[in-house]
Each structure stands twice: as C-alpha cells, then as structure tokens.
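Structure data follow from model_2.cif (mmCIF, C-alpha atoms):
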data_input
#
loop_
_atom_site.label_atom_id
_atom_site.label_comp_id
_atom_site.auth_asym_id
_atom_site.auth_seq_id
_atom_site.Cartn_x
_atom_site.Cartn_y
_atom_site.Cartn_z
CA MET A 1148 19.03 -0.11 11.13
CA ALA A 1149 17.00 -2.20 8.68
CA ALA A 1150 13.28 -1.49 8.79
CA ILE A 1151 10.09 -2.87 7.30
CA LEU A 1152 7.25 -0.43 6.71
CA MET A 1153 3.99 -2.36 6.88
CA GLY A 1154 1.28 -1.08 4.56
CA TYR A 1155 -1.98 -2.71 3.53
CA ASP A 1156 -3.93 -1.31 0.58
CA THR A 1157 -7.56 -1.57 1.64
CA GLU A 1158 -9.51 -1.33 -1.57
CA CYS A 1159 -12.31 -3.88 -1.95
CA ALA A 1160 -15.48 -2.48 -3.54
CA ALA A 1161 -13.43 0.36 -5.04
CA ILE A 1162 -11.72 -1.22 -8.04
CA GLY A 1163 -14.53 -2.53 -10.26
CA GLU A 1164 -13.70 -0.29 -13.21
CA GLY A 1165 -10.12 -1.55 -13.38
CA LEU A 1166 -11.08 -5.18 -12.97
CA ALA A 1167 -13.71 -4.92 -15.69
CA ARG A 1168 -10.91 -4.43 -18.21
CA LEU A 1169 -9.38 -7.82 -17.42
CA GLY A 1170 -12.06 -9.93 -19.11
CA PRO A 1171 -11.73 -13.63 -18.21
CA ASP A 1172 -8.70 -12.88 -16.00
CA ILE A 1173 -11.06 -11.33 -13.46
CA VAL A 1174 -11.99 -14.67 -11.81
CA PRO A 1175 -9.27 -14.76 -9.09
CA TYR A 1176 -10.10 -11.16 -8.21
CA MET A 1177 -13.90 -11.47 -7.95
CA SER A 1178 -13.95 -11.06 -4.19
CA CYS A 1179 -12.21 -7.68 -4.62
CA LEU A 1180 -15.59 -6.35 -5.67
CA GLU A 1181 -17.21 -7.18 -2.32
CA PRO A 1182 -16.92 -5.10 0.86
CA TYR A 1183 -17.15 -8.21 3.03
CA THR A 1184 -13.66 -9.12 1.78
CA THR A 1185 -12.33 -5.99 3.48
CA VAL A 1186 -14.04 -7.09 6.71
CA GLN A 1187 -12.39 -10.51 6.49
CA GLY A 1188 -9.04 -9.10 5.42
CA LEU A 1189 -8.85 -6.56 8.21
CA ASP A 1190 -9.70 -9.27 10.71
CA ILE A 1191 -6.72 -11.33 9.52
CA ILE A 1192 -4.44 -8.28 9.46
CA GLY A 1193 -5.53 -7.31 12.96
CA GLN A 1194 -4.86 -10.81 14.26
CA ASN A 1195 -1.37 -11.03 12.77
CA ASN A 1196 -0.19 -7.57 13.72
CA GLY A 1197 -1.88 -7.75 17.10
CA ASP A 1198 -0.33 -11.08 18.03
CA LEU A 1199 3.13 -9.83 17.11
CA GLY A 1200 2.62 -6.27 18.37
CA VAL A 1201 3.73 -4.54 15.18
CA PRO A 1202 2.13 -1.38 13.73
CA ALA A 1203 0.93 -0.84 10.18
CA THR A 1204 -0.63 1.76 7.93
CA LEU A 1205 -3.92 1.02 6.18
CA PHE A 1206 -4.14 2.86 2.87
CA VAL A 1207 -7.91 2.97 2.44
CA CYS A 1208 -9.93 3.81 -0.67
CA GLY A 1209 -12.76 6.20 0.06
CA ARG A 1210 -15.35 3.95 -1.54
CA THR A 1211 -14.11 1.03 0.55
CA LEU A 1212 -14.47 3.14 3.67
CA THR A 1213 -18.09 3.95 2.88
CA HIS A 1214 -18.91 0.30 2.16
CA ALA A 1215 -17.03 -1.30 5.08
CA THR A 1216 -17.24 1.55 7.57
CA ASP A 1217 -17.52 -0.51 10.74
CA ALA A 1218 -14.46 -2.62 9.92
CA VAL A 1219 -12.30 0.40 9.09
CA GLN A 1220 -13.46 2.24 12.20
CA ALA A 1221 -12.58 -0.77 14.33
CA ALA A 1222 -9.10 -0.82 12.80
CA ALA A 1223 -8.74 2.93 13.37
CA ALA A 1224 -9.49 2.39 17.07
CA ASN A 1225 -6.55 -0.02 17.34
CA PRO A 1226 -3.41 1.91 18.40
CA LEU A 1227 -1.28 -0.30 16.16
CA PHE A 1228 -2.94 1.05 13.01
CA ASP A 1229 -3.24 4.41 11.32
CA ILE A 1230 -5.52 5.21 8.39
CA GLN A 1231 -4.21 6.97 5.29
CA GLN A 1232 -5.61 7.11 1.79
CA HIS A 1233 -5.55 5.22 -1.49
CA THR A 1234 -7.78 7.70 -3.45
CA TYR A 1235 -11.55 7.23 -3.60
CA SER A 1236 -11.96 4.96 -6.63
CA HIS A 1237 -8.45 3.55 -7.13
CA LEU A 1238 -7.75 5.98 -9.98
CA LEU A 1239 -4.38 6.27 -11.69
CA PHE A 1240 -1.89 9.13 -11.49
CA LYS A 1241 0.13 7.95 -14.50
CA ASP A 1242 -0.50 5.55 -17.39
CA GLN A 1243 0.30 1.99 -16.42
CA ALA A 1244 0.72 -0.94 -18.80
CA TRP A 1245 -0.63 -4.26 -17.53
CA LYS A 1246 -1.63 -7.55 -19.18
CA ASP A 1247 -1.09 -6.37 -22.75
CA GLY A 1248 -3.15 -3.23 -22.19
CA VAL A 1249 -2.81 0.22 -20.68
CA PHE A 1250 -4.71 1.70 -17.76
CA ARG A 1251 -4.96 5.42 -18.45
CA ALA A 1252 -4.23 8.17 -15.94
CA SER A 1253 -7.13 10.25 -14.69
CA PRO A 1254 -7.22 14.00 -15.43
CA PRO A 1255 -5.58 16.18 -12.78
CA HIS A 1256 -8.83 17.75 -11.60
CA ALA A 1257 -10.27 14.27 -10.93
CA ILE A 1258 -7.20 13.31 -8.92
CA GLY A 1259 -7.40 16.50 -6.88
CA GLU A 1260 -11.10 16.04 -6.15
CA GLU A 1261 -10.63 12.42 -5.07
CA LEU A 1262 -7.74 13.29 -2.77
CA ALA A 1263 -9.72 16.02 -1.04
CA PHE A 1264 -12.90 13.95 -0.77
CA THR A 1265 -11.15 10.85 0.56
CA SER A 1266 -9.23 12.82 3.18
CA ALA A 1267 -12.52 14.34 4.33
CA LEU A 1268 -14.11 10.90 4.58
CA ILE A 1269 -11.20 9.56 6.63
CA GLU A 1270 -11.43 12.48 9.02
CA ARG A 1271 -15.19 12.07 9.32
CA TYR A 1272 -15.39 8.30 9.75
CA ALA A 1273 -11.97 7.33 11.11
CA GLY A 1274 -11.31 10.47 13.13
CA SER A 1275 -7.83 11.12 11.78
CA ARG A 1276 -6.16 13.71 9.57
CA CYS A 1277 -4.82 12.19 6.39
CA ILE A 1278 -1.17 12.98 5.63
CA GLY A 1279 -0.19 9.87 3.63
CA LEU A 1280 -1.10 8.43 0.24
CA ARG A 1281 -0.45 5.21 -1.61
CA THR A 1282 -0.96 5.79 -5.30
CA PRO A 1283 -2.90 2.92 -6.92
CA PHE A 1284 -0.75 0.51 -8.97
CA GLY A 1285 2.55 2.30 -8.32
CA TYR A 1286 4.90 3.64 -10.95
CA TYR A 1287 8.50 3.51 -12.01
CA ARG A 1288 10.27 6.50 -10.43
CA GLY A 1289 7.14 7.35 -8.47
CA LEU A 1290 6.28 11.03 -9.05
CA ARG A 1291 9.78 12.04 -10.09
CA ASP A 1292 9.65 14.86 -12.68
CA ARG A 1293 5.92 15.40 -12.04
CA PRO A 1294 5.64 18.61 -10.05
CA ASP A 1295 2.08 19.00 -11.36
CA LEU A 1296 1.04 15.85 -9.49
CA LEU A 1297 3.04 16.76 -6.42
CA GLN A 1298 1.17 20.08 -6.30
CA LEU A 1299 -2.10 18.14 -6.08
CA LEU A 1300 -0.70 16.29 -3.07
CA ALA A 1301 0.45 19.50 -1.44
CA ASP A 1302 -2.97 21.08 -1.98
CA ALA A 1303 -4.59 18.09 -0.25
CA GLY A 1304 -2.24 18.22 2.76
CA ILE A 1305 -0.40 15.02 1.84
CA ARG A 1306 3.04 14.96 3.46
CA TYR A 1307 4.27 11.59 2.26
CA VAL A 1308 3.47 9.39 -0.71
CA SER A 1309 4.22 5.78 -1.57
CA ALA A 1310 4.27 5.90 -5.36
CA TRP A 1311 7.47 4.18 -6.57
CA GLY A 1312 6.36 0.57 -6.82
CA ARG A 1313 7.55 -0.67 -10.22
CA ASN A 1314 10.83 -1.49 -11.93
CA ASP A 1315 12.02 0.07 -15.18
CA GLU A 1316 9.90 -2.41 -17.15
CA GLY A 1317 6.75 -1.41 -15.29
CA GLY A 1318 6.61 -4.65 -13.32
CA ASN A 1319 8.04 -6.35 -10.27
CA PRO A 1320 10.21 -6.98 -8.39
CA THR A 1321 10.94 -3.34 -7.66
CA PRO A 1322 14.59 -2.70 -6.70
CA TRP A 1323 15.52 -1.46 -3.23
CA VAL A 1324 15.22 2.25 -4.02
CA GLN A 1325 15.27 4.05 -0.68
CA PRO A 1326 13.10 6.86 0.75
CA PHE A 1327 13.78 10.37 -0.52
CA TRP A 1328 12.33 13.89 -0.39
CA TYR A 1329 11.03 15.44 -3.60
CA GLU A 1330 13.50 18.30 -3.41
CA GLU A 1331 14.48 18.21 -7.08
CA GLU A 1332 10.86 18.74 -8.09
CA GLY A 1333 10.50 21.70 -5.74
CA TYR A 1334 8.58 19.88 -2.97
CA PRO A 1335 11.18 19.30 -0.25
CA ASP A 1336 8.50 18.66 2.38
CA ILE A 1337 6.92 15.69 0.56
CA LEU A 1338 8.59 12.36 1.30
CA GLU A 1339 8.57 9.37 -1.04
CA LEU A 1340 8.40 6.01 0.75
CA PRO A 1341 8.78 3.48 -2.08
CA PHE A 1342 7.20 0.04 -1.95
CA GLN A 1343 9.70 -2.46 -3.26
CA PHE A 1344 10.20 -6.13 -4.04
CA TRP A 1345 6.90 -7.84 -5.01
CA LEU A 1346 3.35 -6.56 -4.68
CA ASP A 1347 1.49 -9.56 -3.33
CA GLY A 1348 -1.08 -9.57 -6.15
CA ILE A 1349 1.54 -9.50 -8.91
CA TRP A 1350 3.55 -12.34 -7.35
CA PHE A 1351 0.47 -14.52 -6.89
CA ASP A 1352 -0.79 -13.72 -10.38
CA MET A 1353 2.51 -15.02 -11.78
CA HIS A 1354 3.10 -17.96 -9.42
CA GLY A 1355 -0.37 -19.15 -8.45
CA PHE A 1356 -2.94 -17.79 -6.04
CA GLY A 1357 -2.70 -20.93 -3.92
CA ASN A 1358 1.07 -20.66 -3.50
CA GLY A 1359 1.25 -18.84 -0.19
CA THR A 1360 4.09 -21.03 1.06
CA GLY A 1361 6.16 -20.07 -1.97
CA PHE A 1362 5.58 -16.37 -1.37
CA ARG A 1363 6.41 -16.79 2.31
CA ALA A 1364 9.81 -18.19 1.31
CA GLU A 1365 10.39 -15.26 -1.06
CA LEU A 1366 9.46 -12.75 1.63
CA ARG A 1367 11.77 -14.36 4.17
CA ARG A 1368 14.58 -14.11 1.63
CA ALA A 1369 13.78 -10.42 1.18
CA VAL A 1370 13.96 -9.91 4.94
CA ASP A 1371 17.42 -11.47 4.97
CA GLU A 1372 18.52 -9.20 2.14
CA ILE A 1373 17.42 -5.96 3.79
CA ALA A 1374 18.79 -7.07 7.16
CA ASP A 1375 22.19 -7.82 5.66
CA GLN A 1376 22.28 -4.54 3.71
CA ASP A 1377 20.60 -2.33 6.36
CA LEU A 1378 17.78 -1.23 4.03
CA VAL A 1379 14.23 0.08 4.36
CA TYR A 1380 11.58 -2.21 2.81
CA GLY A 1381 8.15 -0.71 2.11
CA VAL A 1382 5.65 -3.57 2.03
CA CYS A 1383 2.54 -3.46 -0.15
CA PHE A 1384 -0.04 -6.10 0.74
CA HIS A 1385 -3.82 -6.01 0.18
CA ASP A 1386 -6.95 -6.67 2.18
CA TRP A 1387 -8.33 -9.05 -0.45
CA ALA A 1388 -5.07 -11.03 -0.71
CA MET A 1389 -5.47 -12.14 2.91
CA THR A 1390 -8.40 -14.35 1.91
CA VAL A 1391 -7.89 -14.94 -1.82
CA CYS A 1392 -4.32 -16.13 -1.17
CA ASP A 1393 -5.12 -17.95 2.10
CA GLU A 1394 -2.87 -16.08 4.50
CA PRO A 1395 -4.31 -17.91 7.56
CA GLY A 1396 -3.56 -21.29 5.99
CA THR A 1397 -0.08 -20.57 4.67
CA GLY A 1398 1.20 -17.74 6.88
CA TRP A 1399 2.89 -15.74 4.16
CA VAL A 1400 2.47 -12.49 6.10
CA ARG A 1401 2.94 -13.90 9.58
CA GLY A 1402 5.97 -15.90 8.49
CA MET A 1403 7.62 -12.79 7.08
CA LEU A 1404 6.89 -10.78 10.23
CA GLU A 1405 8.15 -13.50 12.55
CA HIS A 1406 11.35 -13.82 10.56
CA ALA A 1407 11.87 -10.06 10.59
CA LEU A 1408 11.56 -9.95 14.36
CA GLU A 1409 13.95 -12.89 14.68
CA ARG A 1410 16.49 -11.04 12.53
CA GLY A 1411 16.17 -7.88 14.63
CA VAL A 1412 14.57 -5.88 11.82
CA GLU A 1413 12.36 -3.03 12.99
CA VAL A 1414 8.74 -3.35 11.86
CA THR A 1415 6.81 -0.09 11.86
CA SER A 1416 4.13 1.79 9.94
CA TYR A 1417 4.65 4.15 7.03
CA THR A 1418 3.29 7.05 9.06
CA ARG A 1419 5.51 6.45 12.09
CA TYR A 1420 8.54 6.24 9.83
CA TYR A 1421 7.57 9.48 8.08
CA GLU A 1422 7.12 11.24 11.43
CA ARG A 1423 10.59 10.10 12.49
CA LEU A 1424 12.25 11.42 9.33
CA ALA A 1425 10.29 14.66 9.38
CA GLY A 1426 11.13 15.16 13.05
CA SER A 1427 14.83 14.69 12.39
CA ARG A 1428 14.73 17.62 9.95
CA ALA A 1429 13.09 20.03 12.38
#

Would you mind writing the structure in this file as structure tokens?
Amino acid sequence: MAAILMGYDTECAAIGEGLARLGPDIVPYMSCLEPYTTVQGLDIIGQNNGDLGVPATLFVCGRTLTHATDAVQAAAANPLFDIQQHTYSHLLFKDQAWKDGVFRASPPHAIGEELAFTSALIERYAGSRCIGLRTPFGYYRGLRDRPDLLQLLADAGIRYVSAWGRNDEGGNPTPWVQPFWYEEEGYPDILELPFQFWLDGIWFDMHGFGNGTGFRAELRRAVDEIADQDLVYGVCFHDWAMTVCDEPGTGWVRGMLEHALERGVEVTSYTRYYERLAGSRA
C-alpha cells in the first residue's frame, strides 16, 4: 500500500551559521533565525494535521527546542505528533555543495556530542525517548558506506535515520528510493527512511517563495505517482516554510494531504512506520 511519511524539520533559531554563508541570498530565510517562526509554523502544522487527523514526526533541533520550548511541548502533548531530532545546531554529517559553495561536515566527535545532547533535551522537555534522526540537508545515498557515522547513531540510541534526501547531482528532486536497513554497512537494526521528491525550501528557492499554488500542484502529482506505483514517500517540510511560503493562503500542504486521503494513500509518521517495519522483523 502506498504511504506518505509526514515529517517536519523544526529548526528555526538553530541555523544561523549556515545562513550566514549565503550573503545577500539570506533575505527570504530571515525568519528562520527567529524562534517565533517555529511557534507560528507549529500552529499551522497542528491545524492542518489535526483537521485531517493524520500523524507526523517533528524532527526538532535542540537549539530550537530551547528557544521555543512551550510550542514544542504543546506539539508533543498532541497524540498525532512525535518528537525526534535534527541535531542541536543543524550541523552536517557529510560535505554538501550548495549555491556555488560547500558546507563542510562537522568532525565526528561534534556529531556524537550533538546527538547525545539533543536526545537528552528531547527527553527532558518533550518527555519522549529519541529513536529517530533527520540529518540536516540530506545526502545522496544517505549514510551508505559510512559505518563510522552509523556507529555514532547506534551509540546515541538512534534506530532510524532519514538521511537520503538528494539526487546524484546533490540536488532535487530525489528519486523514489525506498526504505532499507543498513545491513551492508554492518548495522542491520538501523533503518533508512529516505525523503524524496522536493524539499520544500529547494523547490521554493527555484520557483519563487510566493508560488505555493505551483508547489501544491507538484505535490498532488507526486501523490498520484506514488499511489499508482505503490511507493513510500518520505516528506520533508519545514516549520519556517509554513509562514515564509504562505501555507495558509495557498494550501500547499493541506492540498497534498487532502489529495492523498482522496486517493486512499496512507498518511502516517516516520516513527509509526519505523515501528511497523521493526515489529514485522521481530
């Protein structure tokens, strides 16, 4: 059965270092620096998913959690949502080229420290044990052939990761690569749940931040494609995109969700899907 895994990267106030490298291109992303954007974004996400009764995973940066604690705690209290992590400061696991430059990977010890610290923050403030991770930016092939990075995940108690979010050119759209276990790397208990098609921010950056109706049409087309081919689609949307790209005014998220339900596509969270696959192996 075709399925959509809903995931929202919740990262405002955590990505200043990366944005500072963009120079004049930073203007559309300015609100990403402010924690109030997370508050607004989670309100929109809660309204959409609540009205339609569909679950989602919030991949939260640790710094965002400490700056928008009340909003994240309110989301954690909603049974539709679960809280997983997005590192503390939105650091990179692998080098990633973007806008004629390269964002460099952080050293392994920094990655390990951020994973442990962010999981502890989520347990303390959201009351849940962290078993899932979205790697910032996403990478071609995810963490394939990187057992050193997978060991950091295992040490932090991460059971699934959403890391494959780029095509072979390092951009989007990402092809419909399907979930897999990292058995070849020696970590058969860590599941990869790729995020495919378009990241919202990349699509809007290329086609205009005011073009929510255009993205809604693209997303509806993607729903048709996965429904016809019986695929799993890992969605990657962002808290800040809800306001910067006027989701309430154009319905690019709601329109996709409504179309998915009309097509009989299951809409679930990353964590619920992981638990299903892990349970089937027991």

For this session: Show me as a ChimeraX atom specification the residues that reach within 10 Å of (-5.1, 2.8, 12.2), counting all atoms listed in the file and using the file's own coordinates.
Result: /A:1202-1206,1219-1231,1273-1275,1416,1418

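For stretch 1340-1352 of chain A, the residues within 7 Å (counting all atoms listed in the file, excluding itself and residues fewer than 2 positions away along the chain) are A:Val1308, A:Ser1309, A:Ala1310, A:Trp1311, A:Gly1312, A:Asn1319, A:Pro1320, A:Thr1321, A:Pro1322, A:Trp1323, A:Val1324, A:Gln1325, A:Pro1326, A:Leu1338, A:His1354, A:Gly1355, A:Phe1356, A:Tyr1380, A:Gly1381, A:Val1382, A:Cys1383, A:Phe1384, A:Ala1388.
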
Exercise. With distances taken over only C-alpha atoms, which of A:Gly1285, A:Pro1335, A:Pro1255, A:Gly1402 is nearest to A:Ala1364?
Worked result: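 Counting only C-alpha atoms, the residue closest to A:Ala1364 is A:Gly1402.
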
Problem set entry | atom CA of A:Gly1188 to atom CA of A:Cys1159, straight-line distance in Å | 9.6 Å

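Of the residues under consideration (A:Ile1373, A:Tyr1307, A:Met1389, A:Pro1294), A:Tyr1307 shows the shortest atom-to-atom contact distance to A:Arg1419 when counting all atoms listed in the file.
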
For this session: Could you expand the PyMOL selection byres ((chain A and resi 1208) around 7) into the explicit residues it covers here, written as a PyMOL selection string?
Result: chain A and resi 1157-1158+1161+1206-1207+1209-1212+1232-1237

For this session: Evaluate the PyMOL selection byres ((chain A and resi 1297) around 12) and record the selected residues as a PyMOL selection string, following the chain and residue labels used in the document.
Result: chain A and resi 1240+1255+1258-1259+1262+1280+1282+1289-1296+1298-1308+1310+1328-1339
